[in-house]
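J.: For reference, the file input19.cif (mmCIF, C-alpha atoms) is included below:
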```
data_work
#
loop_
_atom_site.label_atom_id
_atom_site.label_comp_id
_atom_site.auth_asym_id
_atom_site.auth_seq_id
_atom_site.Cartn_x
_atom_site.Cartn_y
_atom_site.Cartn_z
CA MET A 1 -24.46 -28.01 -2.91
CA SER A 2 -25.05 -31.67 -3.55
CA ALA A 3 -22.57 -34.14 -5.03
CA GLY A 4 -21.11 -33.15 -8.34
CA SER A 5 -21.20 -29.39 -7.86
CA GLY A 6 -19.91 -28.41 -4.44
CA MET A 7 -20.23 -24.89 -3.03
CA ILE A 8 -19.18 -23.35 -6.31
CA ALA A 9 -16.73 -20.51 -5.77
CA PHE A 10 -16.98 -17.56 -8.13
CA GLY A 11 -15.36 -14.27 -9.00
CA ILE A 12 -16.28 -11.17 -10.97
CA GLU A 13 -14.15 -9.02 -13.24
CA GLU A 14 -15.54 -5.60 -14.20
CA GLU A 15 -14.20 -3.16 -16.76
CA PHE A 16 -14.89 0.58 -16.64
CA LEU A 17 -14.54 3.46 -19.08
CA LEU A 18 -12.97 6.74 -17.99
CA LEU A 19 -14.91 9.65 -19.47
CA ASP A 20 -14.70 13.42 -19.68
CA PRO A 21 -17.24 14.75 -17.13
CA ALA A 22 -18.57 17.37 -19.58
CA THR A 23 -18.53 15.67 -22.99
CA ALA A 24 -18.64 11.96 -22.00
CA ARG A 25 -15.80 11.26 -24.41
CA PRO A 26 -13.14 8.76 -23.31
CA ARG A 27 -10.16 10.14 -21.41
CA PRO A 28 -6.86 8.18 -21.55
CA VAL A 29 -6.00 8.69 -17.89
CA ALA A 30 -6.00 5.09 -16.63
CA ARG A 31 -2.41 5.30 -15.38
CA ALA A 32 -3.19 8.31 -13.18
CA VAL A 33 -6.41 6.72 -11.97
CA ARG A 34 -4.69 3.46 -11.08
CA ALA A 35 -2.06 5.38 -9.15
CA GLY A 36 -4.84 7.19 -7.29
CA VAL A 37 -6.64 4.05 -6.13
CA PRO A 38 -5.21 3.28 -2.68
CA ASP A 39 -3.81 -0.18 -2.07
CA PRO A 40 -6.74 -2.22 -0.75
CA PRO A 41 -6.64 -4.46 2.27
CA ALA A 42 -5.31 -7.88 1.30
CA GLY A 43 -7.78 -9.74 -0.86
CA GLU A 44 -10.39 -6.98 -1.09
CA PHE A 45 -10.03 -6.40 -4.82
CA ARG A 46 -7.44 -6.27 -7.60
CA VAL A 47 -7.06 -3.37 -10.03
CA SER A 48 -5.39 -3.45 -13.43
CA GLY A 49 -5.19 -1.61 -16.71
CA GLU A 50 -6.84 -2.77 -19.90
CA LEU A 51 -6.40 -2.61 -23.66
CA LEU A 52 -7.09 1.13 -23.91
CA ALA A 53 -5.69 3.93 -21.78
CA CYS A 54 -9.26 5.00 -20.99
CA GLN A 55 -10.17 1.63 -19.45
CA ILE A 56 -9.59 0.14 -16.05
CA GLU A 57 -10.51 -3.22 -14.54
CA THR A 58 -11.15 -4.74 -11.16
CA ALA A 59 -11.41 -8.32 -10.02
CA THR A 60 -12.93 -9.62 -6.81
CA PRO A 61 -11.14 -12.24 -4.75
CA VAL A 62 -12.47 -15.79 -4.87
CA CYS A 63 -15.96 -15.52 -3.36
CA HIS A 64 -18.43 -18.00 -1.91
CA LEU A 65 -21.12 -15.56 -0.75
CA LEU A 66 -22.85 -12.81 -2.69
CA SER A 67 -22.09 -10.44 0.18
CA GLU A 68 -18.35 -10.97 -0.37
CA ALA A 69 -18.63 -10.03 -4.05
CA ALA A 70 -20.84 -7.04 -3.28
CA GLU A 71 -18.41 -5.68 -0.69
CA SER A 72 -15.45 -6.05 -3.07
CA LEU A 73 -17.18 -4.35 -6.00
CA GLN A 74 -18.57 -1.53 -3.89
CA ALA A 75 -15.20 -0.87 -2.26
CA PHE A 76 -13.49 -0.69 -5.63
CA ARG A 77 -16.18 1.48 -7.22
CA ALA A 78 -15.95 3.98 -4.37
CA ALA A 79 -12.14 4.13 -4.61
CA LEU A 80 -12.33 4.34 -8.41
CA ALA A 81 -14.84 7.20 -8.38
CA ALA A 82 -12.61 9.26 -6.09
CA ALA A 83 -9.43 8.54 -8.09
CA ALA A 84 -11.17 9.29 -11.39
CA ALA A 85 -12.47 12.61 -10.07
CA LYS A 86 -8.93 13.62 -9.08
CA ALA A 87 -7.79 12.79 -12.62
CA GLY A 88 -10.59 14.90 -14.12
CA ALA A 89 -12.67 11.96 -15.27
CA VAL A 90 -15.82 9.98 -14.55
CA ALA A 91 -15.61 6.20 -14.17
CA ALA A 92 -18.60 4.62 -15.89
CA GLY A 93 -19.91 1.07 -15.70
CA ILE A 94 -21.28 0.99 -19.25
CA GLY A 95 -20.83 -1.45 -22.12
CA ASP A 96 -19.50 1.06 -24.61
CA ALA A 97 -18.59 4.71 -24.95
CA TYR A 98 -21.53 7.02 -25.58
CA ASP A 99 -19.43 9.11 -27.97
CA ALA A 100 -15.88 8.08 -28.74
CA GLY A 101 -15.19 11.16 -30.89
CA ALA A 102 -13.12 11.14 -34.05
CA SER A 103 -9.68 10.49 -32.57
CA PRO A 104 -8.39 6.89 -32.62
CA ALA A 105 -8.14 5.04 -29.35
CA VAL A 106 -4.99 5.39 -27.24
CA VAL A 107 -3.64 1.90 -26.54
CA SER A 108 -2.07 1.09 -23.17
CA ASP A 109 1.71 0.77 -23.30
CA VAL A 110 1.82 -3.02 -23.10
CA VAL A 111 3.53 -5.19 -25.70
CA ARG A 112 0.53 -7.48 -26.18
CA TYR A 113 -1.82 -4.57 -26.71
CA ARG A 114 0.54 -2.87 -29.15
CA ASP A 115 0.74 -6.15 -31.09
CA MET A 116 -3.06 -6.32 -31.19
CA GLN A 117 -3.18 -2.80 -32.56
CA ALA A 118 -0.66 -3.68 -35.27
CA ASN A 119 -2.66 -6.76 -36.25
CA ALA A 120 -6.12 -5.15 -36.31
CA PRO A 121 -5.76 -1.35 -36.25
CA ALA A 122 -9.31 -0.54 -37.40
CA LEU A 123 -10.82 -2.75 -34.70
CA ILE A 124 -8.61 -1.39 -31.95
CA ALA A 125 -9.37 2.20 -33.02
CA GLU A 126 -13.00 1.62 -31.95
CA GLU A 127 -12.55 -0.83 -29.10
CA TYR A 128 -14.33 1.43 -26.59
CA ILE A 129 -16.27 -1.49 -25.13
CA THR A 130 -16.27 -2.95 -21.64
CA GLY A 131 -17.71 -6.11 -20.16
CA MET A 132 -18.29 -8.04 -16.98
CA HIS A 133 -16.75 -11.51 -16.78
CA VAL A 134 -17.93 -14.07 -14.25
CA HIS A 135 -15.87 -17.11 -13.24
CA ALA A 136 -17.67 -20.17 -11.85
CA GLU A 137 -15.57 -22.93 -10.35
CA VAL A 138 -15.84 -26.40 -11.89
CA GLN A 139 -12.77 -28.32 -10.80
CA ASP A 140 -12.83 -31.29 -13.16
CA PRO A 141 -11.92 -30.16 -16.71
CA ASP A 142 -14.10 -32.74 -18.46
CA ARG A 143 -17.04 -31.73 -16.28
CA ARG A 144 -16.24 -28.10 -17.09
CA ILE A 145 -16.66 -28.90 -20.79
CA GLN A 146 -19.99 -30.62 -20.15
CA VAL A 147 -21.20 -27.60 -18.20
CA MET A 148 -20.14 -25.19 -20.93
CA ASN A 149 -21.92 -27.28 -23.56
CA ARG A 150 -25.10 -27.30 -21.49
CA CYS A 151 -24.98 -23.53 -20.80
CA ARG A 152 -24.84 -22.43 -24.45
CA THR A 153 -28.63 -22.23 -24.84
CA TRP A 154 -28.91 -19.61 -22.10
CA LEU A 155 -26.23 -17.20 -23.33
CA PRO A 156 -28.69 -15.02 -25.34
CA THR A 157 -30.87 -14.60 -22.25
CA PHE A 158 -27.91 -13.23 -20.31
CA VAL A 159 -26.98 -10.91 -23.18
CA ALA A 160 -30.52 -9.49 -23.08
CA LEU A 161 -30.71 -9.23 -19.30
CA THR A 162 -27.38 -7.41 -18.90
CA ALA A 163 -27.51 -5.25 -22.05
CA ASN A 164 -26.08 -1.81 -21.21
CA SER A 165 -24.68 -0.23 -24.39
CA PRO A 166 -27.39 1.36 -26.55
CA PHE A 167 -25.48 4.38 -27.89
CA TRP A 168 -22.56 4.73 -30.27
CA HIS A 169 -20.96 7.92 -31.65
CA GLY A 170 -23.51 9.97 -29.77
CA VAL A 171 -26.61 8.45 -31.35
CA GLU A 172 -28.97 5.57 -30.73
CA SER A 173 -27.44 2.38 -32.14
CA GLY A 174 -30.71 0.49 -32.40
CA PHE A 175 -29.22 -2.21 -30.17
CA ALA A 176 -29.53 -2.71 -26.43
CA SER A 177 -26.03 -4.21 -26.41
CA TRP A 178 -23.96 -2.62 -29.14
CA ARG A 179 -20.94 -4.07 -27.35
CA CYS A 180 -22.10 -7.58 -28.19
CA ILE A 181 -22.48 -6.70 -31.89
CA HIS A 182 -19.19 -4.79 -31.95
CA TYR A 183 -17.37 -7.72 -30.36
CA ARG A 184 -18.54 -10.11 -33.09
CA ARG A 185 -16.04 -8.52 -35.47
CA TRP A 186 -13.17 -10.34 -33.77
CA PRO A 187 -12.18 -13.71 -35.25
CA ILE A 188 -13.06 -16.13 -32.40
CA GLN A 189 -16.33 -14.87 -31.04
CA GLY A 190 -19.97 -15.71 -30.33
CA ALA A 191 -21.11 -18.89 -28.63
CA PRO A 192 -18.50 -21.60 -28.13
CA PRO A 193 -18.86 -24.72 -30.24
CA VAL A 194 -19.84 -28.03 -28.65
CA PHE A 195 -16.82 -30.04 -27.50
CA ARG A 196 -16.62 -33.79 -26.92
CA ASP A 197 -14.41 -33.49 -23.83
CA TYR A 198 -11.46 -31.57 -22.43
CA SER A 199 -9.01 -33.27 -24.77
CA ASP A 200 -11.12 -32.17 -27.73
CA TYR A 201 -11.15 -28.60 -26.35
CA GLN A 202 -7.38 -28.59 -25.93
CA ASP A 203 -6.77 -29.95 -29.41
CA ARG A 204 -9.11 -27.55 -31.17
CA THR A 205 -8.00 -24.45 -29.29
CA ARG A 206 -4.37 -25.41 -29.86
CA ARG A 207 -5.09 -25.58 -33.58
CA LEU A 208 -6.71 -22.14 -33.43
CA MET A 209 -3.58 -20.68 -31.89
CA ALA A 210 -1.37 -22.53 -34.35
CA SER A 211 -3.20 -20.73 -37.16
CA GLY A 212 -1.44 -17.49 -36.18
CA VAL A 213 -4.73 -15.63 -35.87
CA ALA A 214 -4.89 -16.31 -32.12
CA PRO A 215 -1.34 -15.95 -30.75
CA ASP A 216 -2.42 -16.58 -27.15
CA PRO A 217 -5.46 -18.00 -25.31
CA GLY A 218 -6.80 -14.50 -24.64
CA TYR A 219 -7.82 -14.24 -28.29
CA ILE A 220 -10.25 -17.10 -27.80
CA SER A 221 -13.05 -14.85 -26.64
CA TRP A 222 -16.23 -16.88 -26.89
CA LEU A 223 -19.08 -15.73 -24.66
CA ALA A 224 -18.21 -18.69 -22.46
CA ARG A 225 -14.81 -20.32 -22.34
CA LEU A 226 -12.51 -22.24 -20.04
CA SER A 227 -10.24 -19.93 -18.10
CA ALA A 228 -6.59 -20.28 -19.03
CA ASN A 229 -5.52 -19.54 -15.45
CA TYR A 230 -8.14 -20.96 -13.09
CA PRO A 231 -10.31 -24.11 -12.81
CA THR A 232 -13.33 -22.08 -13.85
CA LEU A 233 -15.83 -21.61 -16.60
CA GLU A 234 -15.59 -17.96 -17.60
CA PHE A 235 -18.78 -16.25 -18.80
CA ARG A 236 -18.14 -13.21 -21.02
CA CYS A 237 -21.69 -12.53 -22.17
CA SER A 238 -22.48 -9.45 -20.06
CA ASP A 239 -21.92 -5.76 -20.61
CA SER A 240 -20.38 -3.85 -17.73
CA GLN A 241 -23.14 -2.85 -15.34
CA LEU A 242 -24.17 0.56 -14.09
CA THR A 243 -24.12 -0.50 -10.45
CA ALA A 244 -22.72 -3.26 -8.27
CA ARG A 245 -26.31 -3.97 -7.27
CA GLU A 246 -26.89 -5.22 -10.83
CA SER A 247 -23.54 -6.98 -11.24
CA VAL A 248 -23.88 -9.26 -8.24
CA PRO A 249 -27.26 -10.90 -8.98
CA ALA A 250 -26.26 -11.37 -12.62
CA ALA A 251 -23.13 -13.16 -11.42
CA ALA A 252 -25.24 -15.18 -8.96
CA LEU A 253 -27.44 -16.35 -11.83
CA LEU A 254 -24.44 -17.39 -13.89
CA ARG A 255 -22.97 -19.29 -10.94
CA ALA A 256 -26.32 -20.97 -10.38
CA LEU A 257 -26.51 -21.92 -14.05
CA ALA A 258 -23.08 -23.54 -13.80
CA ALA A 259 -24.16 -25.34 -10.60
CA THR A 260 -27.39 -26.52 -12.23
CA GLU A 261 -25.59 -27.96 -15.23
CA ALA A 262 -22.80 -29.45 -13.10
CA GLN A 263 -25.37 -31.35 -11.06
CA ALA A 264 -27.18 -32.48 -14.21
CA ALA A 265 -23.92 -33.71 -15.73
CA HIS A 266 -22.97 -35.49 -12.50
CA ALA A 267 -26.36 -37.24 -12.48
CA LYS A 268 -25.88 -38.11 -16.16
CA ARG A 269 -29.16 -36.46 -17.07
CA ARG A 270 -29.53 -36.13 -20.80
CA PRO A 271 -29.01 -32.50 -21.83
CA ALA A 272 -31.54 -30.63 -23.91
CA ASP A 273 -30.94 -30.85 -27.62
CA GLN A 274 -28.27 -28.43 -28.73
CA PRO A 275 -29.64 -25.53 -30.77
CA ARG A 276 -28.73 -25.36 -34.41
CA PRO A 277 -25.71 -23.07 -34.84
CA GLU A 278 -27.60 -20.63 -37.05
CA HIS A 279 -30.43 -20.40 -34.51
CA LEU A 280 -28.03 -19.74 -31.64
CA ASP A 281 -26.25 -17.09 -33.69
CA ILE A 282 -29.43 -15.20 -34.56
CA ALA A 283 -30.66 -15.60 -30.98
CA LEU A 284 -27.54 -13.77 -29.77
CA TRP A 285 -28.07 -11.06 -32.40
CA GLN A 286 -31.73 -10.70 -31.42
CA ALA A 287 -30.84 -10.52 -27.73
CA ALA A 288 -28.26 -7.81 -28.41
CA ARG A 289 -30.77 -5.84 -30.42
CA ASN A 290 -33.83 -6.13 -28.18
CA GLY A 291 -32.44 -6.57 -24.69
CA LEU A 292 -35.45 -6.80 -22.40
CA ASP A 293 -37.69 -4.93 -24.86
CA GLY A 294 -39.80 -7.03 -27.18
CA THR A 295 -38.97 -10.62 -28.02
CA LEU A 296 -36.18 -13.16 -27.88
CA ILE A 297 -35.77 -16.51 -29.59
CA ASP A 298 -36.70 -19.57 -27.55
CA LEU A 299 -33.99 -21.96 -28.70
CA GLN A 300 -36.03 -25.04 -27.83
CA THR A 301 -38.75 -24.06 -30.30
CA ALA A 302 -36.93 -21.49 -32.49
CA GLN A 303 -39.97 -19.23 -31.93
CA LEU A 304 -40.12 -15.65 -30.70
CA VAL A 305 -41.23 -15.20 -27.09
CA PRO A 306 -41.39 -12.15 -24.79
CA ALA A 307 -38.00 -11.37 -23.28
CA ARG A 308 -39.42 -11.43 -19.78
CA GLN A 309 -40.73 -14.95 -20.38
CA GLN A 310 -37.17 -16.05 -21.11
CA VAL A 311 -35.90 -14.43 -17.91
CA ASP A 312 -38.63 -16.21 -15.94
CA ALA A 313 -37.64 -19.50 -17.59
CA LEU A 314 -34.01 -18.94 -16.59
CA LEU A 315 -35.01 -18.29 -12.98
CA ARG A 316 -37.08 -21.48 -12.92
CA HIS A 317 -34.25 -23.46 -14.49
CA THR A 318 -31.74 -22.33 -11.86
CA ARG A 319 -34.07 -22.15 -8.85
CA ALA A 320 -32.93 -25.34 -7.11
CA ALA A 321 -29.27 -24.29 -7.29
CA LEU A 322 -30.09 -20.75 -6.19
CA GLU A 323 -31.98 -22.10 -3.19
CA GLU A 324 -29.14 -24.44 -2.23
CA LEU A 325 -26.73 -21.52 -2.45
CA ASP A 326 -29.17 -19.40 -0.39
CA ASP A 327 -29.31 -16.86 -3.24
CA TYR A 328 -32.82 -17.38 -4.56
CA ALA A 329 -34.65 -14.66 -2.63
CA THR A 330 -32.00 -12.04 -3.46
CA VAL A 331 -31.87 -12.91 -7.15
CA ARG A 332 -35.65 -13.11 -7.51
CA GLU A 333 -36.05 -9.72 -5.86
CA GLU A 334 -33.37 -8.08 -8.00
CA LEU A 335 -34.72 -9.58 -11.23
CA ALA A 336 -38.18 -8.26 -10.36
CA ARG A 337 -36.68 -4.83 -9.79
CA VAL A 338 -34.82 -4.87 -13.12
CA LEU A 339 -37.98 -5.91 -14.95
CA VAL A 340 -39.74 -2.87 -13.46
CA ASP A 341 -36.97 -0.25 -13.45
CA GLY A 342 -35.19 -1.47 -16.58
CA ASN A 343 -31.78 -2.91 -17.29
CA GLY A 344 -28.85 -0.64 -18.09
CA ALA A 345 -29.81 -0.08 -21.73
CA GLN A 346 -33.38 0.88 -20.84
CA ARG A 347 -32.24 3.23 -18.09
CA GLN A 348 -29.61 4.87 -20.31
CA ARG A 349 -32.23 5.54 -22.97
CA ARG A 350 -34.66 6.89 -20.40
CA ALA A 351 -32.01 9.19 -18.91
CA MET A 352 -31.16 10.56 -22.35
CA ARG A 353 -34.84 11.20 -23.15
CA GLU A 354 -35.52 12.89 -19.85
CA GLY A 355 -32.41 15.01 -19.37
CA GLY A 356 -30.01 14.65 -22.27
CA LEU A 357 -26.29 14.22 -21.76
CA PRO A 358 -26.14 15.75 -18.23
CA ARG A 359 -28.73 13.28 -16.96
CA TRP A 360 -27.01 10.42 -18.78
CA LEU A 361 -23.66 11.31 -17.18
CA GLU A 362 -25.31 11.41 -13.77
CA LEU A 363 -26.60 7.89 -14.36
CA ALA A 364 -23.31 6.63 -15.78
CA ARG A 365 -21.32 7.74 -12.73
CA SER A 366 -23.61 5.85 -10.33
CA SER A 367 -22.22 2.91 -8.36
#
```
So, in terms of structure tokens, how does the structure I just supplied come out?
T.:
Amino acid sequence: MSAGSGMIAFGIEEEFLLLDPATARPRPVARAVRAGVPDPPAGEFRVSGELLACQIETATPVCHLLSEAAESLQAFRAALAAAAAKAGAVAAGIGDAYDAGASPAVVSDVVRYRDMQANAPALIAEEYITGMHVHAEVQDPDRRIQVMNRCRTWLPTFVALTANSPFWHGVESGFASWRCIHYRRWPIQGAPPVFRDYSDYQDRTRRLMASGVAPDPGYISWLARLSANYPTLEFRCSDSQLTARESVPAAALLRALAATEAQAAHAKRRPADQPRPEHLDIALWQAARNGLDGTLIDLQTAQLVPARQQVDALLRHTRAALEELDDYATVREELARVLVDGNGAQRQRRAMREGGLPRWLELARSS
């Protein structure tokens, strides 16, 4: 990449739900599944538990090539599928549980998670949601803030593109990404505000934690935020994906967006006008509802446009960075496939129409 961006390293974190293979209800067997995943070769992937005992997470190593991320995710998904089967479960890359049942969620035996349950028991009882988080390296913290500010406008487009959670309690939710709507119930959510610089970010997030509502940085869960542990911008706008084939190009687009905005900031190009907060908020809601079906809000005009038009605009906006990273052909091809075959939400709905729960489970266990 040219000056100001560098060959931006990236990483992907994916969360999975462990489900009963007959009923699709969550199974709290994460400990057994983790024990059943063999230790990977050094650096291939990392596996960890999550908030609920029916969730499990992987993280790729630091990657520079899409092939590196794809190999890591595919290796983990294969190992996870085998370990889940031994534990009597299916590991599903979906944004929420199809049917959580009536029993409250079983929280993993971790002090932080138990504290979260004590603070917000009704939220935790239904926290059967899983996402994909993408880290894009931006070494300079002030530049990282500029990039995050410039990326805000595109967050609804990513919500729509990666929507993969249309069902809740065994019925159609009416939303392509129910996870995104569900997640809005937490106190520090949605799009991040605009920050002046890194010092402003530090001061304002410190004040949030001092309030007592956010006892640690993990509670600051905007759809894009600065990582507390790495020199990265962390995108949290995507549902977990059905297959690694979908995860990797989505991550490539997010990395390219970060690279595009890093270059623009380095060149001191004036950013587009920031959307009004109320417009950005309803754009996120609209994207979660419609996904790739119907219309989204163009935040430059505040008008409704076809969802596919927004995806095309995103590809055009990031094309130069994608070409410099040698990712353009792959991403263009995969976006074209998604627009024909459907994103996760569209494919889940189609599977349920065509074959009911058995067909849906067959889709959910794909990798």
J.: Can you list, as a ChimeraX atom specification, every protein, DNA or RNA residue that comes within 9 Å of Met148 in chain A when you count all atoms listed in the file, leaving out same-chain residues fewer than 3 positions away?
T.: /A:143-145,151-152,192,194-195,224-226,233,258,261
J.: Taking into account all atoms listed in the file, which residue in the set A:Ser199, A:Ser367, A:Ser103, A:Gln309 is nearest to Ala70 in chain A?
T.: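 Smallest separation from Ala70 in chain A among the options: A:Ser367.
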J.: What does the distance from CA of Ala78 in chain A to CA of Ser238 in chain A come to in Å, to one decimal?
T.: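 Between these atoms lies a distance of 21.7 Å.
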J.: Of the candidates A:Gln310, A:Gln117, A:Asn149, A:Asn164, which shows the shortest atom-to-atom distance to Tyr201 in chain A, using only C-alpha atoms?
T.: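 The answer is A:Asn149, which sits nearest to Tyr201 in chain A.
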J.: So that I can check the surroundings of His133 in chain A, please list as a PyMOL selection string every protein, DNA and RNA residue that reaches within 6 Å of it, counting all atoms listed in the file and ignoring chain neighbours fewer than 4 positions away.
T.: chain A and resi 12-13+235-236
J.: Could you work out an axis-aligned bounding box for all listed atoms of range 261-278 of chain A, with 8 Å added on each of the six sides, and give its centre and edge lengths in Å to one decimal, as AutoDock Vina command-line options?
T.:
```
--center_x -27.2 --center_y -29.4 --center_z -24.1 --size_x 24.7 --size_y 33.5 --size_z 42.0
```
J.: Per residue of range 71-133 of chain A within 10 Å of range 324-344 of chain A, record the nearest atom pair and its distance in Å to one decimal, counting all atoms listed in the file, with rows in chain order and ascending residue number, as a tab-separated table.
T.:
```
residue	atom	partner	partner_atom	distance
A:Gly93	CA	A:Gly344	CA	9.4
A:Ile94	CA	A:Gly344	CA	7.8
A:Gly95	CA	A:Gly344	CA	9.0
```
J.: Taking the file as shown, what set of residues would the PyMOL selection byres ((chain A and resi 16) around 9) give back, as a list in words?
T.: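 Output of the PyMOL selection byres ((chain A and resi 16) around 9): Glu14, Glu15, Leu17, Leu18, Cys54, Gln55, Ile56, Glu57, Thr58, Ala91, Ala92, Gly93, Ile94, Gly95, Ile129, Thr130, Gly131 and Ser240 of chain A.
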J.: Please save C-alpha atoms of the selected residues as a tab-separated table (two decimals), in the coordinates of the input.
T.:
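Final file, out14.tsv:
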```tsv
chain	number	residue	atom	x	y	z
A	14	GLU	CA	-15.54	-5.60	-14.20
A	15	GLU	CA	-14.20	-3.16	-16.76
A	17	LEU	CA	-14.54	3.46	-19.08
A	18	LEU	CA	-12.97	6.74	-17.99
A	54	CYS	CA	-9.26	5.00	-20.99
A	55	GLN	CA	-10.17	1.63	-19.45
A	56	ILE	CA	-9.59	0.14	-16.05
A	57	GLU	CA	-10.51	-3.22	-14.54
A	58	THR	CA	-11.15	-4.74	-11.16
A	91	ALA	CA	-15.61	6.20	-14.17
A	92	ALA	CA	-18.60	4.62	-15.89
A	93	GLY	CA	-19.91	1.07	-15.70
A	94	ILE	CA	-21.28	0.99	-19.25
A	95	GLY	CA	-20.83	-1.45	-22.12
A	129	ILE	CA	-16.27	-1.49	-25.13
A	130	THR	CA	-16.27	-2.95	-21.64
A	131	GLY	CA	-17.71	-6.11	-20.16
A	240	SER	CA	-20.38	-3.85	-17.73
```
J.: Once the PyMOL selection byres ((chain A and resi 273) around 12) has been evaluated on this model, what residues remain selected, and can you format them as a compact mmCIF listing (two decimals) with C-alpha atoms, keeping the file's coordinate frame?
T.:
```txt
# COMPACT_ATOMS: atom_id res chain seq x y z
CA ASN A 149 -21.92 -27.28 -23.56
CA ARG A 150 -25.10 -27.30 -21.49
CA CYS A 151 -24.98 -23.53 -20.80
CA ARG A 152 -24.84 -22.43 -24.45
CA THR A 153 -28.63 -22.23 -24.84
CA VAL A 194 -19.84 -28.03 -28.65
CA ARG A 270 -29.53 -36.13 -20.80
CA PRO A 271 -29.01 -32.50 -21.83
CA ALA A 272 -31.54 -30.63 -23.91
CA GLN A 274 -28.27 -28.43 -28.73
CA PRO A 275 -29.64 -25.53 -30.77
CA ARG A 276 -28.73 -25.36 -34.41
CA PRO A 277 -25.71 -23.07 -34.84
CA LEU A 299 -33.99 -21.96 -28.70
CA GLN A 300 -36.03 -25.04 -27.83
CA THR A 301 -38.75 -24.06 -30.30
```
J.: How many Å separate CA of Pro21 in chain A from CA of Leu363 in chain A?
T.: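 Interatomic distance here is 11.9 Å.
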J.: I'd like the contact shell of range 202-213 of chain A - 12 Å cut-off, all atoms listed in the file, skipping same-chain residues fewer than 5 positions apart - returned as a list of chain:residue names.
T.: A:Asp115, A:Met116, A:Asn119, A:Ala120, A:Pro141, A:Asp142, A:Ile145, A:Trp186, A:Pro187, A:Ile188, A:Pro192, A:Pro193, A:Val194, A:Phe195, A:Arg196, A:Asp197, A:Gly218, A:Tyr219, A:Ile220, A:Ser221, A:Trp222, A:Arg225, A:Leu226, A:Ala228
J.: Considering all atoms listed in the file, state which residue in the set A:Ala24, A:Ala364, A:Ala250, A:Ala82 is at the smallest distance from Gly36 in chain A.
T.: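 Distance minimum relative to Gly36 in chain A lands on A:Ala82.
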J.: Quick one: pull the distance between CA of Val29 in chain A and CA of Val107 in chain A, Å, one decimal.
T.: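 These atoms are spaced 11.2 Å apart.
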J.: Can you give me, as a list in words, the residues this file yields under the PyMOL selection byres ((chain A and resi 284-289) around 7)?
T.: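 With the PyMOL selection byres ((chain A and resi 284-289) around 7) on this model, the match is Pro156, Thr157, Val159, Ala160, Ala163, Gly174, Phe175, Ala176, Ser177, Trp178, Cys180, Ile181, Leu280, Asp281, Ile282, Ala283, Asn290, Gly291 and Leu296 of chain A.
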J.: From (-21.4, 9.1, -28.8), in the file's coordinates, out to 9 Å: which residues are reached, counting all atoms listed in the file? Answer as a list of chain:residue names.
T.: A:Ala24, A:Arg25, A:Ala97, A:Tyr98, A:Asp99, A:Ala100, A:Gly101, A:Phe167, A:Trp168, A:His169, A:Gly170, A:Val171, A:Glu172
J.: Contacts of Ala75 in chain A at 9 Å or less, counting only C-alpha atoms, minus same-chain residues fewer than 4 places along, as a VMD selection string?
T.: chain A and resid 40 44 to 45 70 to 71 79 to 80
J.: What would the file look like if the residues just selected were written as a compact mmCIF listing (two decimals), keeping the file's coordinate frame with C-alpha atoms?
T.:
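Written file, again_29.txt:
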```txt
# COMPACT_ATOMS: atom_id res chain seq x y z
CA PRO A 40 -6.74 -2.22 -0.75
CA GLU A 44 -10.39 -6.98 -1.09
CA PHE A 45 -10.03 -6.40 -4.82
CA ALA A 70 -20.84 -7.04 -3.28
CA GLU A 71 -18.41 -5.68 -0.69
CA ALA A 79 -12.14 4.13 -4.61
CA LEU A 80 -12.33 4.34 -8.41
```
J.: With distances taken over all atoms listed in the file, which residue among A:Trp360, A:Asp96, A:His64, A:Leu223 lies nearest Gln189 in chain A?
T.: A:Leu223
J.: Which residue gives the smallest distance to Lys268 in chain A among A:Ser108, A:Ser165, A:Gln139, A:Gln146, with all atoms listed in the file counted?
T.: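 For Lys268 in chain A, the nearest of the candidates is A:Gln146.
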